[in-house]
Amino acid sequence: MSAQEMEKLKEALLDLNKAGVLEVVSATATTADLQAAKLAVEAIAGALQVVGKRFQEGEWFLDELVYSGEIAKQAMEKLSPILCDETQPTQGCVVIGTVFGDLHDLGKDIFINFATSAGFKVIDLGVNVSVEAFTKAVLEHQPVALGISCLLTPAAGGIPQVIQDLVEKGVRESLKIIVGGAALTEKFSLEVGADAFAPDAVTGTDIIRAWSEGQ
Ligand code: B12
């Protein structure tokens, strides 16, 4: 993938031109060239960084954020068969889910897109995830980080339950926990024992990248 094609891909995503994005990634996917797929992911990640900044600065709103996330997700789905070569080094594994009782997933999925684009292998547990399912996935995948999303205030009490269960199973110390979603604040998140709260997917990805790099 040439620098020009990367720029075209980035511009198409920032123009919310889904057909344009899918045209470029489909062409890349047919080559089955790992290097080209990585450059495509780099272009998508670069565009998503810009999207996140536009959103943080109030230049773009929810519609654009959600739609750009959806386009990126579809693009990543086309590229993932080439990228899923487990012999390639990645930033590590992250387990993510929405807390029990909560069915919101748009924000979680945007974070997944950002994390995937940043090179993480993401295990998505979906929504309405029980304490047992979070713990089982942590024991099975031994991730760098566990991400929990929560948009409903009545469901937020599920977060300390997950953390407590990880403590009881003796695995709390071996991973970092990051939480996000409109129902949470940094104060609450740290009080219940999470390592970090992310107000948005860009910040969340920056945090897990720093953890993965041992910072
Ligand atoms: C869309 C929406 C829905 C959709 C969800 C569709 C879906 N597939 O997700 C539907 C219609 C299903 C829905 C249902 C309900 N909803 Co609703 N919903 C919303 C709404 C309007 C937008 C949420 C959203 O997607 N935001 C967009 C994303 C991009 O933002 P985000 O989730 O915050 O995610 C960003 C960051 O927070 C962060 N992030 C999120 N998760 C994570 C996780 C990690 C690990 C990290 C690092 C970062 C991160 O990254 C994201 C991108 O930057 C909000 C309003 C609001 N202000 O949030 C209400 C809202 C969340 N809903 C609300 C309610 C009450 C409900 C219902 C109970 C309504 C009802 N009476 O049935 C049901 C609950 C169903 C259930 N059990 O979950 C309330 C919750 C109030 C509260 N604090 O408890 C809100 C706040 C609306 C309100 N003002 O009253 N809802």
# chains A, B, ... in the order shown; residues from 1 in each chain; ligands from 1
$ residues_around --residues "stretch 37-49 of chain A" --least-positions-apart "5" --cutoff "9 Å" --atoms "only C-alpha atoms" --output "NGL selection string"
:A and (1-3 or 5-11 or 13-14 or 24-25 or 28-29 or 31-32 or 54 or 68-69 or 72 or 75-76 or 79-80 or 82-83 or 113-114 or 116-119 or 202)
$ residues_near_ligand --ligand "ligand 1" --cutoff "8 Å" --atoms "only C-alpha atoms and all ligand atoms" --output "ChimeraX atom specification"
/A:52,62,65-66,96-98,101-111,128,146-155,178-183,197-205
$ write_last_selection --atoms "C-alpha atoms" --output "tab-separated table (two decimals), in the first residue's frame"
chain	number	residue	atom	x	y	z
A	52	GLY	CA	-11.39	11.19	18.61
A	62	LEU	CA	-22.10	11.45	18.55
A	65	LEU	CA	-18.28	9.24	16.22
A	66	VAL	CA	-20.61	6.25	16.03
A	96	ILE	CA	-13.61	-6.36	27.19
A	97	GLY	CA	-17.29	-6.49	28.08
A	98	THR	CA	-20.27	-4.44	29.23
A	101	GLY	CA	-27.54	-5.61	33.48
A	102	ASP	CA	-26.34	-3.19	30.81
A	103	LEU	CA	-27.04	-3.70	27.10
A	104	HIS	CA	-25.26	-0.62	25.70
A	105	ASP	CA	-22.44	-1.53	23.36
A	106	LEU	CA	-21.73	1.33	20.96
A	107	GLY	CA	-19.05	2.90	23.15
A	108	LYS	CA	-17.49	-0.46	23.97
A	109	ASP	CA	-17.35	-1.30	20.28
A	110	ILE	CA	-15.72	2.01	19.42
A	111	PHE	CA	-13.07	1.33	22.08
A	128	ASN	CA	-24.71	-8.04	30.05
A	146	LEU	CA	-9.56	-6.00	31.37
A	147	GLY	CA	-11.94	-3.33	30.06
A	148	ILE	CA	-15.42	-2.89	31.50
A	149	SER	CA	-18.04	-0.62	29.98
A	150	CYS	CA	-21.00	0.77	31.95
A	151	LEU	CA	-23.66	3.26	30.87
A	152	LEU	CA	-26.35	2.52	33.40
A	153	THR	CA	-25.93	3.81	36.95
A	154	PRO	CA	-27.92	0.91	38.49
A	155	ALA	CA	-25.50	-1.56	36.83
A	178	ILE	CA	-9.78	0.02	32.85
A	179	VAL	CA	-13.38	1.16	32.90
A	180	GLY	CA	-15.40	3.57	30.78
A	181	GLY	CA	-18.90	4.66	29.90
A	182	ALA	CA	-21.29	7.49	30.61
A	183	ALA	CA	-22.43	6.16	34.02
A	197	PHE	CA	-11.08	5.42	34.02
A	198	ALA	CA	-11.21	6.51	30.38
A	199	PRO	CA	-13.64	9.24	29.37
A	200	ASP	CA	-13.29	8.22	25.72
A	201	ALA	CA	-11.87	5.53	23.47
A	202	VAL	CA	-8.82	7.56	22.45
A	203	THR	CA	-7.73	8.08	26.05
A	204	GLY	CA	-8.51	4.43	26.83
A	205	THR	CA	-6.31	3.22	23.99
$ select_by_dssp --residues "stretch 16-71 of chain A" --states "helix (DSSP H, G or I)" --output "PyMOL selection string"
chain A and resi 18-31+34-56+62-71
$ write_last_selection --atoms "N, CA and C atoms" --output "compact mmCIF listing (two decimals), in the first residue's frame"
# COMPACT_ATOMS: atom_id res chain seq x y z
N LYS A 18 -18.05 5.71 3.52
CA LYS A 18 -17.95 4.28 3.78
C LYS A 18 -17.56 3.49 2.51
N ALA A 19 -18.20 3.83 1.38
CA ALA A 19 -17.89 3.10 0.14
C ALA A 19 -16.42 3.27 -0.22
N GLY A 20 -15.92 4.48 -0.02
CA GLY A 20 -14.51 4.76 -0.34
C GLY A 20 -13.56 3.96 0.54
N VAL A 21 -13.89 3.89 1.83
CA VAL A 21 -13.05 3.13 2.77
C VAL A 21 -13.07 1.64 2.40
N LEU A 22 -14.28 1.13 2.18
CA LEU A 22 -14.39 -0.31 1.91
C LEU A 22 -13.76 -0.68 0.57
N GLU A 23 -13.79 0.26 -0.37
CA GLU A 23 -13.14 0.00 -1.68
C GLU A 23 -11.63 -0.21 -1.48
N VAL A 24 -11.02 0.68 -0.72
CA VAL A 24 -9.57 0.58 -0.50
C VAL A 24 -9.22 -0.69 0.29
N VAL A 25 -9.96 -0.96 1.38
CA VAL A 25 -9.59 -2.13 2.19
C VAL A 25 -9.90 -3.45 1.48
N SER A 26 -10.95 -3.44 0.65
CA SER A 26 -11.26 -4.67 -0.10
C SER A 26 -10.12 -4.98 -1.06
N ALA A 27 -9.63 -3.92 -1.72
CA ALA A 27 -8.50 -4.12 -2.65
C ALA A 27 -7.29 -4.64 -1.89
N THR A 28 -7.06 -4.08 -0.69
CA THR A 28 -5.93 -4.52 0.14
C THR A 28 -6.13 -5.97 0.57
N ALA A 29 -7.36 -6.30 0.98
CA ALA A 29 -7.64 -7.66 1.48
C ALA A 29 -7.42 -8.71 0.39
N THR A 30 -7.74 -8.38 -0.85
CA THR A 30 -7.58 -9.38 -1.92
C THR A 30 -6.10 -9.70 -2.18
N THR A 31 -5.21 -8.78 -1.82
CA THR A 31 -3.78 -9.06 -2.02
C THR A 31 -3.25 -10.04 -0.96
N LEU A 34 0.29 -9.04 4.24
CA LEU A 34 0.26 -8.65 5.65
C LEU A 34 0.76 -7.22 5.84
N GLN A 35 1.84 -6.88 5.14
CA GLN A 35 2.41 -5.54 5.29
C GLN A 35 1.41 -4.47 4.84
N ALA A 36 0.75 -4.73 3.72
CA ALA A 36 -0.24 -3.77 3.20
C ALA A 36 -1.41 -3.65 4.19
N ALA A 37 -1.83 -4.80 4.76
CA ALA A 37 -2.95 -4.76 5.72
C ALA A 37 -2.55 -3.95 6.95
N LYS A 38 -1.30 -4.11 7.38
CA LYS A 38 -0.84 -3.34 8.56
C LYS A 38 -0.84 -1.84 8.26
N LEU A 39 -0.43 -1.49 7.04
CA LEU A 39 -0.42 -0.07 6.67
C LEU A 39 -1.85 0.47 6.61
N ALA A 40 -2.78 -0.39 6.14
CA ALA A 40 -4.20 0.03 6.10
C ALA A 40 -4.70 0.28 7.53
N VAL A 41 -4.33 -0.62 8.46
CA VAL A 41 -4.74 -0.44 9.86
C VAL A 41 -4.14 0.84 10.43
N GLU A 42 -2.89 1.08 10.05
CA GLU A 42 -2.21 2.31 10.51
C GLU A 42 -2.97 3.56 10.03
N ALA A 43 -3.42 3.50 8.76
CA ALA A 43 -4.17 4.64 8.20
C ALA A 43 -5.50 4.80 8.94
N ILE A 44 -6.17 3.66 9.20
CA ILE A 44 -7.46 3.72 9.91
C ILE A 44 -7.24 4.26 11.33
N ALA A 45 -6.20 3.74 12.00
CA ALA A 45 -5.91 4.20 13.37
C ALA A 45 -5.61 5.70 13.38
N GLY A 46 -4.86 6.14 12.38
CA GLY A 46 -4.53 7.58 12.28
C GLY A 46 -5.80 8.41 12.12
N ALA A 47 -6.70 7.90 11.26
CA ALA A 47 -7.96 8.63 11.05
C ALA A 47 -8.79 8.64 12.34
N LEU A 48 -8.81 7.49 13.04
CA LEU A 48 -9.61 7.42 14.27
C LEU A 48 -9.05 8.34 15.36
N GLN A 49 -7.74 8.52 15.35
CA GLN A 49 -7.15 9.48 16.30
C GLN A 49 -7.72 10.87 16.03
N VAL A 50 -7.80 11.21 14.73
CA VAL A 50 -8.33 12.53 14.35
C VAL A 50 -9.82 12.62 14.74
N VAL A 51 -10.56 11.51 14.48
CA VAL A 51 -11.98 11.47 14.85
C VAL A 51 -12.13 11.75 16.35
N GLY A 52 -11.32 11.03 17.15
CA GLY A 52 -11.39 11.19 18.61
C GLY A 52 -11.12 12.61 19.03
N LYS A 53 -10.13 13.24 18.40
CA LYS A 53 -9.78 14.62 18.75
C LYS A 53 -10.94 15.55 18.38
N ARG A 54 -11.49 15.33 17.17
CA ARG A 54 -12.62 16.17 16.74
C ARG A 54 -13.77 16.05 17.74
N PHE A 55 -13.98 14.81 18.23
CA PHE A 55 -15.07 14.56 19.18
C PHE A 55 -14.76 15.23 20.53
N GLN A 56 -13.51 15.03 20.99
CA GLN A 56 -13.13 15.62 22.29
C GLN A 56 -13.24 17.13 22.25
N LEU A 62 -21.89 12.89 18.38
CA LEU A 62 -22.10 11.45 18.55
C LEU A 62 -22.32 10.72 17.22
N ASP A 63 -23.15 11.30 16.35
CA ASP A 63 -23.46 10.62 15.07
C ASP A 63 -22.19 10.30 14.30
N GLU A 64 -21.32 11.30 14.21
CA GLU A 64 -20.08 11.11 13.45
C GLU A 64 -19.17 10.09 14.13
N LEU A 65 -19.13 10.17 15.47
CA LEU A 65 -18.28 9.24 16.22
C LEU A 65 -18.75 7.80 16.01
N VAL A 66 -20.05 7.60 16.16
CA VAL A 66 -20.61 6.25 16.03
C VAL A 66 -20.43 5.76 14.59
N TYR A 67 -20.73 6.63 13.62
CA TYR A 67 -20.67 6.18 12.22
C TYR A 67 -19.22 5.89 11.80
N SER A 68 -18.30 6.75 12.23
CA SER A 68 -16.90 6.49 11.86
C SER A 68 -16.44 5.18 12.50
N GLY A 69 -16.93 4.90 13.72
CA GLY A 69 -16.59 3.65 14.40
C GLY A 69 -17.13 2.45 13.64
N GLU A 70 -18.35 2.62 13.12
CA GLU A 70 -18.96 1.51 12.36
C GLU A 70 -18.18 1.25 11.07
N ILE A 71 -17.81 2.33 10.40
CA ILE A 71 -17.05 2.16 9.15
C ILE A 71 -15.72 1.48 9.46
$ select_by_dssp --residues "stretch 15-207 of chain A" --states "strand (DSSP E or B)" --output "PyMOL selection string"
chain A and resi 92-99+120-124+129+145-149+176-180+196-198
$ write_last_selection --atoms "N, CA and C atoms" --output "PDB file, in the first residue's frame"
ATOM      1  N   GLY A  92      -0.529  -7.235  22.704  1.00  0.00           N
ATOM      2  CA  GLY A  92      -1.044  -8.077  23.780  1.00  0.00           C
ATOM      3  C   GLY A  92      -2.550  -8.215  23.682  1.00  0.00           C
ATOM      4  N   CYS A  93      -3.083  -8.959  24.636  1.00  0.00           N
ATOM      5  CA  CYS A  93      -4.513  -9.287  24.605  1.00  0.00           C
ATOM      6  C   CYS A  93      -5.275  -8.425  25.620  1.00  0.00           C
ATOM      7  N   VAL A  94      -6.482  -8.025  25.233  1.00  0.00           N
ATOM      8  CA  VAL A  94      -7.348  -7.269  26.135  1.00  0.00           C
ATOM      9  C   VAL A  94      -8.726  -7.940  26.140  1.00  0.00           C
ATOM     10  N   VAL A  95      -9.279  -8.169  27.319  1.00  0.00           N
ATOM     11  CA  VAL A  95     -10.631  -8.711  27.438  1.00  0.00           C
ATOM     12  C   VAL A  95     -11.572  -7.551  27.745  1.00  0.00           C
ATOM     13  N   ILE A  96     -12.693  -7.486  27.015  1.00  0.00           N
ATOM     14  CA  ILE A  96     -13.614  -6.358  27.193  1.00  0.00           C
ATOM     15  C   ILE A  96     -15.066  -6.832  27.229  1.00  0.00           C
ATOM     16  N   GLY A  97     -15.864  -6.191  28.074  1.00  0.00           N
ATOM     17  CA  GLY A  97     -17.292  -6.494  28.085  1.00  0.00           C
ATOM     18  C   GLY A  97     -18.071  -5.375  28.749  1.00  0.00           C
ATOM     19  N   THR A  98     -19.378  -5.376  28.535  1.00  0.00           N
ATOM     20  CA  THR A  98     -20.275  -4.442  29.228  1.00  0.00           C
ATOM     21  C   THR A  98     -20.822  -5.153  30.465  1.00  0.00           C
ATOM     22  N   VAL A  99     -20.841  -4.421  31.555  1.00  0.00           N
ATOM     23  CA  VAL A  99     -21.199  -4.985  32.860  1.00  0.00           C
ATOM     24  C   VAL A  99     -22.611  -5.598  32.867  1.00  0.00           C
ATOM     25  N   PHE A 120      -3.916  -4.385  19.415  1.00  0.00           N
ATOM     26  CA  PHE A 120      -4.290  -5.321  20.479  1.00  0.00           C
ATOM     27  C   PHE A 120      -5.174  -6.438  19.928  1.00  0.00           C
ATOM     28  N   LYS A 121      -4.998  -7.622  20.493  1.00  0.00           N
ATOM     29  CA  LYS A 121      -5.938  -8.706  20.220  1.00  0.00           C
ATOM     30  C   LYS A 121      -7.062  -8.542  21.239  1.00  0.00           C
ATOM     31  N   VAL A 122      -8.285  -8.324  20.770  1.00  0.00           N
ATOM     32  CA  VAL A 122      -9.380  -8.038  21.693  1.00  0.00           C
ATOM     33  C   VAL A 122     -10.340  -9.229  21.789  1.00  0.00           C
ATOM     34  N   ILE A 123     -10.599  -9.664  23.017  1.00  0.00           N
ATOM     35  CA  ILE A 123     -11.615 -10.688  23.271  1.00  0.00           C
ATOM     36  C   ILE A 123     -12.852  -9.933  23.744  1.00  0.00           C
ATOM     37  N   ASP A 124     -13.888  -9.911  22.903  1.00  0.00           N
ATOM     38  CA  ASP A 124     -15.110  -9.168  23.222  1.00  0.00           C
ATOM     39  C   ASP A 124     -16.145 -10.112  23.833  1.00  0.00           C
ATOM     40  N   VAL A 129     -22.560  -8.900  30.762  1.00  0.00           N
ATOM     41  CA  VAL A 129     -21.592  -9.955  31.084  1.00  0.00           C
ATOM     42  C   VAL A 129     -21.582 -10.229  32.597  1.00  0.00           C
ATOM     43  N   ALA A 145      -4.907  -6.323  29.974  1.00  0.00           N
ATOM     44  CA  ALA A 145      -5.896  -5.475  30.640  1.00  0.00           C
ATOM     45  C   ALA A 145      -7.297  -6.029  30.467  1.00  0.00           C
ATOM     46  N   LEU A 146      -8.133  -5.698  31.450  1.00  0.00           N
ATOM     47  CA  LEU A 146      -9.560  -5.995  31.367  1.00  0.00           C
ATOM     48  C   LEU A 146     -10.287  -4.662  31.240  1.00  0.00           C
ATOM     49  N   GLY A 147     -11.157  -4.542  30.242  1.00  0.00           N
ATOM     50  CA  GLY A 147     -11.938  -3.326  30.059  1.00  0.00           C
ATOM     51  C   GLY A 147     -13.398  -3.593  30.365  1.00  0.00           C
ATOM     52  N   ILE A 148     -13.997  -2.727  31.171  1.00  0.00           N
ATOM     53  CA  ILE A 148     -15.420  -2.890  31.501  1.00  0.00           C
ATOM     54  C   ILE A 148     -16.150  -1.601  31.134  1.00  0.00           C
ATOM     55  N   SER A 149     -17.237  -1.770  30.375  1.00  0.00           N
ATOM     56  CA  SER A 149     -18.043  -0.623  29.975  1.00  0.00           C
ATOM     57  C   SER A 149     -19.317  -0.578  30.805  1.00  0.00           C
ATOM     58  N   LYS A 176      -4.246  -5.203  34.563  1.00  0.00           N
ATOM     59  CA  LYS A 176      -4.750  -3.866  34.839  1.00  0.00           C
ATOM     60  C   LYS A 176      -6.228  -3.835  34.470  1.00  0.00           C
ATOM     61  N   ILE A 177      -6.977  -2.990  35.172  1.00  0.00           N
ATOM     62  CA  ILE A 177      -8.405  -2.881  34.880  1.00  0.00           C
ATOM     63  C   ILE A 177      -8.733  -1.439  34.499  1.00  0.00           C
ATOM     64  N   ILE A 178      -9.376  -1.304  33.322  1.00  0.00           N
ATOM     65  CA  ILE A 178      -9.779   0.020  32.845  1.00  0.00           C
ATOM     66  C   ILE A 178     -11.283   0.017  32.637  1.00  0.00           C
ATOM     67  N   VAL A 179     -11.936   1.082  33.063  1.00  0.00           N
ATOM     68  CA  VAL A 179     -13.380   1.155  32.903  1.00  0.00           C
ATOM     69  C   VAL A 179     -13.762   2.441  32.170  1.00  0.00           C
ATOM     70  N   GLY A 180     -14.932   2.394  31.503  1.00  0.00           N
ATOM     71  CA  GLY A 180     -15.404   3.574  30.785  1.00  0.00           C
ATOM     72  C   GLY A 180     -16.893   3.494  30.557  1.00  0.00           C
ATOM     73  N   ALA A 196      -7.808   2.457  36.108  1.00  0.00           N
ATOM     74  CA  ALA A 196      -7.985   3.692  35.338  1.00  0.00           C
ATOM     75  C   ALA A 196      -9.417   3.821  34.850  1.00  0.00           C
ATOM     76  N   PHE A 197      -9.799   5.089  34.654  1.00  0.00           N
ATOM     77  CA  PHE A 197     -11.077   5.425  34.017  1.00  0.00           C
ATOM     78  C   PHE A 197     -10.739   6.158  32.724  1.00  0.00           C
ATOM     79  N   ALA A 198     -11.433   5.791  31.647  1.00  0.00           N
ATOM     80  CA  ALA A 198     -11.205   6.510  30.379  1.00  0.00           C
ATOM     81  C   ALA A 198     -12.490   7.212  29.962  1.00  0.00           C
TER      82      ALA A 198
END
$ closest_residue --among "A:Pro143, A:Pro160, A:Gly170, A:Gly193" --to "A:Trp211" --atoms "only C-alpha atoms"
A:Pro143
$ closest_residue --among "A:Leu175, A:Leu190, A:Leu139, A:Val162" --to "A:Phe100" --atoms "only C-alpha atoms"
A:Val162
$ closest_residue --among "A:Gln142, A:Thr135, A:Ser130, A:Gln215" --to "A:Glu168" --atoms "only C-alpha atoms"
A:Thr135
$ atom_distance --atom1 "atom CA of A:Gln74" --atom2 "atom CA of A:Ile112"
12.3 Å
$ decode --residues "stretch 178-203 of chain A" --atoms "N, CA and C atoms" --output "PDB file, in the first residue's frame"
ATOM      1  N   ILE A 178      -9.376  -1.304  33.322  1.00  0.00           N
ATOM      2  CA  ILE A 178      -9.779   0.020  32.845  1.00  0.00           C
ATOM      3  C   ILE A 178     -11.283   0.017  32.637  1.00  0.00           C
ATOM      4  N   VAL A 179     -11.936   1.082  33.063  1.00  0.00           N
ATOM      5  CA  VAL A 179     -13.380   1.155  32.903  1.00  0.00           C
ATOM      6  C   VAL A 179     -13.762   2.441  32.170  1.00  0.00           C
ATOM      7  N   GLY A 180     -14.932   2.394  31.503  1.00  0.00           N
ATOM      8  CA  GLY A 180     -15.404   3.574  30.785  1.00  0.00           C
ATOM      9  C   GLY A 180     -16.893   3.494  30.557  1.00  0.00           C
ATOM     10  N   GLY A 181     -17.462   4.618  30.151  1.00  0.00           N
ATOM     11  CA  GLY A 181     -18.905   4.657  29.903  1.00  0.00           C
ATOM     12  C   GLY A 181     -19.549   5.798  30.657  1.00  0.00           C
ATOM     13  N   ALA A 182     -20.672   6.257  30.121  1.00  0.00           N
ATOM     14  CA  ALA A 182     -21.290   7.492  30.614  1.00  0.00           C
ATOM     15  C   ALA A 182     -21.744   7.438  32.068  1.00  0.00           C
ATOM     16  N   ALA A 183     -21.939   6.223  32.637  1.00  0.00           N
ATOM     17  CA  ALA A 183     -22.430   6.159  34.025  1.00  0.00           C
ATOM     18  C   ALA A 183     -21.302   6.342  35.040  1.00  0.00           C
ATOM     19  N   LEU A 184     -20.059   6.358  34.576  1.00  0.00           N
ATOM     20  CA  LEU A 184     -18.921   6.315  35.511  1.00  0.00           C
ATOM     21  C   LEU A 184     -18.182   7.639  35.610  1.00  0.00           C
ATOM     22  N   THR A 185     -17.504   7.799  36.738  1.00  0.00           N
ATOM     23  CA  THR A 185     -16.596   8.925  36.909  1.00  0.00           C
ATOM     24  C   THR A 185     -15.243   8.348  37.318  1.00  0.00           C
ATOM     25  N   GLU A 186     -14.231   9.169  37.204  1.00  0.00           N
ATOM     26  CA  GLU A 186     -12.896   8.714  37.609  1.00  0.00           C
ATOM     27  C   GLU A 186     -12.889   8.389  39.109  1.00  0.00           C
ATOM     28  N   LYS A 187     -13.534   9.248  39.900  1.00  0.00           N
ATOM     29  CA  LYS A 187     -13.548   9.069  41.356  1.00  0.00           C
ATOM     30  C   LYS A 187     -14.158   7.709  41.708  1.00  0.00           C
ATOM     31  N   PHE A 188     -15.332   7.424  41.137  1.00  0.00           N
ATOM     32  CA  PHE A 188     -16.005   6.142  41.424  1.00  0.00           C
ATOM     33  C   PHE A 188     -15.111   4.971  40.991  1.00  0.00           C
ATOM     34  N   SER A 189     -14.545   5.092  39.796  1.00  0.00           N
ATOM     35  CA  SER A 189     -13.769   3.978  39.221  1.00  0.00           C
ATOM     36  C   SER A 189     -12.582   3.627  40.104  1.00  0.00           C
ATOM     37  N   LEU A 190     -11.878   4.648  40.585  1.00  0.00           N
ATOM     38  CA  LEU A 190     -10.698   4.381  41.415  1.00  0.00           C
ATOM     39  C   LEU A 190     -11.122   3.879  42.793  1.00  0.00           C
ATOM     40  N   GLU A 191     -12.225   4.423  43.304  1.00  0.00           N
ATOM     41  CA  GLU A 191     -12.726   3.973  44.622  1.00  0.00           C
ATOM     42  C   GLU A 191     -13.089   2.495  44.630  1.00  0.00           C
ATOM     43  N   VAL A 192     -13.638   1.999  43.489  1.00  0.00           N
ATOM     44  CA  VAL A 192     -14.049   0.584  43.469  1.00  0.00           C
ATOM     45  C   VAL A 192     -12.901  -0.335  43.059  1.00  0.00           C
ATOM     46  N   GLY A 193     -11.716   0.246  42.842  1.00  0.00           N
ATOM     47  CA  GLY A 193     -10.543  -0.608  42.642  1.00  0.00           C
ATOM     48  C   GLY A 193     -10.068  -0.785  41.222  1.00  0.00           C
ATOM     49  N   ALA A 194     -10.628  -0.007  40.266  1.00  0.00           N
ATOM     50  CA  ALA A 194     -10.078  -0.068  38.905  1.00  0.00           C
ATOM     51  C   ALA A 194      -8.747   0.669  38.879  1.00  0.00           C
ATOM     52  N   ASP A 195      -7.926   0.381  37.872  1.00  0.00           N
ATOM     53  CA  ASP A 195      -6.649   1.087  37.749  1.00  0.00           C
ATOM     54  C   ASP A 195      -6.801   2.397  36.995  1.00  0.00           C
ATOM     55  N   ALA A 196      -7.808   2.457  36.108  1.00  0.00           N
ATOM     56  CA  ALA A 196      -7.985   3.692  35.338  1.00  0.00           C
ATOM     57  C   ALA A 196      -9.417   3.821  34.850  1.00  0.00           C
ATOM     58  N   PHE A 197      -9.799   5.089  34.654  1.00  0.00           N
ATOM     59  CA  PHE A 197     -11.077   5.425  34.017  1.00  0.00           C
ATOM     60  C   PHE A 197     -10.739   6.158  32.724  1.00  0.00           C
ATOM     61  N   ALA A 198     -11.433   5.791  31.647  1.00  0.00           N
ATOM     62  CA  ALA A 198     -11.205   6.510  30.379  1.00  0.00           C
ATOM     63  C   ALA A 198     -12.490   7.212  29.962  1.00  0.00           C
ATOM     64  N   PRO A 199     -12.439   8.520  29.793  1.00  0.00           N
ATOM     65  CA  PRO A 199     -13.642   9.242  29.370  1.00  0.00           C
ATOM     66  C   PRO A 199     -13.990   8.997  27.905  1.00  0.00           C
ATOM     67  N   ASP A 200     -13.031   8.498  27.142  1.00  0.00           N
ATOM     68  CA  ASP A 200     -13.294   8.217  25.722  1.00  0.00           C
ATOM     69  C   ASP A 200     -12.333   7.141  25.226  1.00  0.00           C
ATOM     70  N   ALA A 201     -12.631   6.659  24.014  1.00  0.00           N
ATOM     71  CA  ALA A 201     -11.870   5.529  23.471  1.00  0.00           C
ATOM     72  C   ALA A 201     -10.411   5.889  23.142  1.00  0.00           C
ATOM     73  N   VAL A 202     -10.193   7.142  22.777  1.00  0.00           N
ATOM     74  CA  VAL A 202      -8.823   7.564  22.446  1.00  0.00           C
ATOM     75  C   VAL A 202      -7.950   7.507  23.704  1.00  0.00           C
ATOM     76  N   THR A 203      -8.472   8.095  24.784  1.00  0.00           N
ATOM     77  CA  THR A 203      -7.735   8.081  26.050  1.00  0.00           C
ATOM     78  C   THR A 203      -7.535   6.642  26.522  1.00  0.00           C
TER      79      THR A 203
END
